[in-house]
Amino acid sequence: MKIAHRKSLIVNRVLLTAIAYCLLFTAGYAQGTPSTELINNAKTYDGKTVIYEGEVIGDVMARGDFAWVNLNDGKNAIGIWMDKGSSAAITYEGNYKAKGDLLQVTGIFHRSCPEHGGDLDIHAQKVLKIGEGKPRPERFNTAKAGFAAILLGALCLVLILRLLANR
Amino acid sequence: MFAPLVLGLIFREINPCLDFLIAIEIALILGLLLTKLCFTQNDLNWMQGMLVISLSWLAAMALGAIPLYLSGHYQSFLDSCFETMSGFTTTGLTLVQDLDHLSYTHNLWRHLGPFMGGQGIAIVALSFFVKGTSGAFKLYVGEARDERLLPNVVNTARFIWLISIVYLILGTLCLGMVGLSIGLKAPNAFFHGACIFMAGFDTAGFAPQSQNILYYHSLAFEVVVMVIMLFGTLNFNLHYHLWSGNRKEIAKNIETRTLFISIMLTFFIVAIGLNQLGVYPKALVLFRKGFFQLISGHTTTGYMTVYAQQFINEWGSLALVALICAMGLGGCACSTAGGIKMLRIGIALKALREDIKRIIVPERAVVAQKMHHLKDMFLEDKQVRSALLITLSYLVIYILGALIGTFYGYPFLNSLFESTSAAANVGLSCGITDTGMPVVLKLTYMFQMWAGRLEFMSVFTLMGFFYAAIKGKK
């Protein structure tokens, strides 16, 4: 009786450990994988389906029925190869005057994509907009303007003194 | 600084315009005070010429860093000084944060730095502000240029600017058209074109986006960039001969021959290294990635189509060593390229050949080694001595930088890679250059960039001057 109980305990533990490992393994992929993790462990992720999140930066570059969209997760930017339809949903591209849309991409990660000249990229299978970008209006920096005005005064003073000295 | 200011007004970037207004005002005030306090009508002697050059580069670095620091994209003023030193010396190592949101105004300034520094800051002054030629040659030599294209050094400086501006227009148009064809918006295509040209022709390696050239995902763009890098690494004398219709000079010149052989040899080793580890799945892909990085390193540009970490994680030691050698050897003399330079390598190899010949032939035989650099000439001991002295200085500075990096806990190969990249004014990075790296290492790389760009003599003179001043006081 005791032996049978021990056996079932061991089986249960093994099963639980296996399930825990599976959950851990899939969780790594299910949540957005950071760019640093992907780049530093490119061999591990090569050819696997990953989820990557980031802000659209720069231009959306249309190439036939597809487009290149570069997504920056705050550390690095990675090129995403997606169909034109998915890229059409992008409203804001990140630059000085705008915060780009936040996308979540599920796709195949390539350490060295044979289709794209060896680039490290992700071929998107599913693209989800998880955050809307917005314009970043400039607030006139009064401190800088004041400092510039003081310096202008100093410059005029130096110029006048030089003119007087030359006379 | 007026050009970024004008661009800022066009794009209505108000705060960046204020950054440049402040920097211009500080520069003008300091300039006016210095021209009053340090005014002299005496001609410069050699030591003064060298001192003026080494100090003016430091002053340009500090003043150029002001608008970048005010942008808020740099962690400290030291980081923005690092950026301007890297730009003016045409290196390309960067400490900018969140580059993808940097304004057009600041981005243009980052790329104008290499364009001015590449031609030489003193050359800017010689071209536009110097009326006579007295003392001008000393300034010209102080910026590591000892060859004149035209008899008059001021005309030489102006010709260098003419070449650069004509190429700038052509290069921007070419890159702009490619940019449009790969999906960039029109203003970005031409803005990126101008920036990439300035940093490519002047072998700097800055780019307007954080992914560098990888951002464009385009073979056509990479090919044009490679041509620009190769043009930039050529001796301005060769450009002059090209312009004069003397194309044979390119094939005969010792520098172009050495450069060709060196590129082939180092690429061969890179290819073996990458193939051994199976880094790239196809031969064509290996060629595209390997050759681009190699050309970028050898021309001392520093453009990348891989991530910095990939060099260390994937490329392997053999390919990395070959790339380090290519970076250390550098481009042609009297160009914007850094490193030991092909002319010196050519001279050293000719001298070695001459010495071997001397051993082989009978003692009575007269051995003379000929070479062709713009004209046929016999190799002289003076040339060999000078070439070997500078070569030795570069090797010492590469190793010293690597040792300092190793002291701070980075592996030796990584440290040697980054150190060579800084001292040879390349700009390729294996990931050490980062805002979080130790301050001493930042200062080391800044010193290496400065000394490497000025080819040591001006820097040694400045150090000697301070040593003599301290000794005199004692």
# chains A, B, ... in the order shown; residues from 1 in each chain; ligands from 1
call {"tool": "interface_residues", "arguments": {"of": "chain B", "to": "chain A", "cutoff": "9 Å", "atoms": "only C-alpha atoms", "output": "PyMOL selection string"}}
result
chain B and resi 13-15+18-19+21-23+25-26+28-29+32-33+36+70+98+100-104+181-185+188+209-211+214-219+279-282+284-286+288-289+305-307+309-310+313-314
call {"tool": "residues_around", "arguments": {"residues": "B:Thr94", "least_positions_apart": "4", "cutoff": "8 Å", "atoms": "only C-alpha atoms", "output": "ChimeraX atom specification"}}
result
/B:82-83,86,206,433-434
call {"tool": "residues_around", "arguments": {"residues": "A:Val105", "least_positions_apart": "2", "cutoff": "9 Å", "atoms": "only C-alpha atoms", "output": "list in words"}}
result
Gly32, Val50, Ile51, Tyr52, Glu53, Gly54, Ile80, Leu103, Gly107, Ile122, His123, Ala124, Gln125, Lys126, Val127, Leu128 and Lys129 of chain A
call {"tool": "atom_distance", "arguments": {"atom1": "atom CA of B:Cys334", "atom2": "atom CA of B:His111"}}
result
20.7 Å
call {"tool": "residues_around", "arguments": {"residues": "B:Thr461", "least_positions_apart": "4", "cutoff": "8 Å", "atoms": "only C-alpha atoms", "output": "list in words"}}
result
Met47, Met50, Leu51, Met457 and Phe465 of chain B
call {"tool": "atom_distance", "arguments": {"atom1": "atom CA of B:Leu265", "atom2": "atom CA of B:Gly302"}}
result
19.2 Å
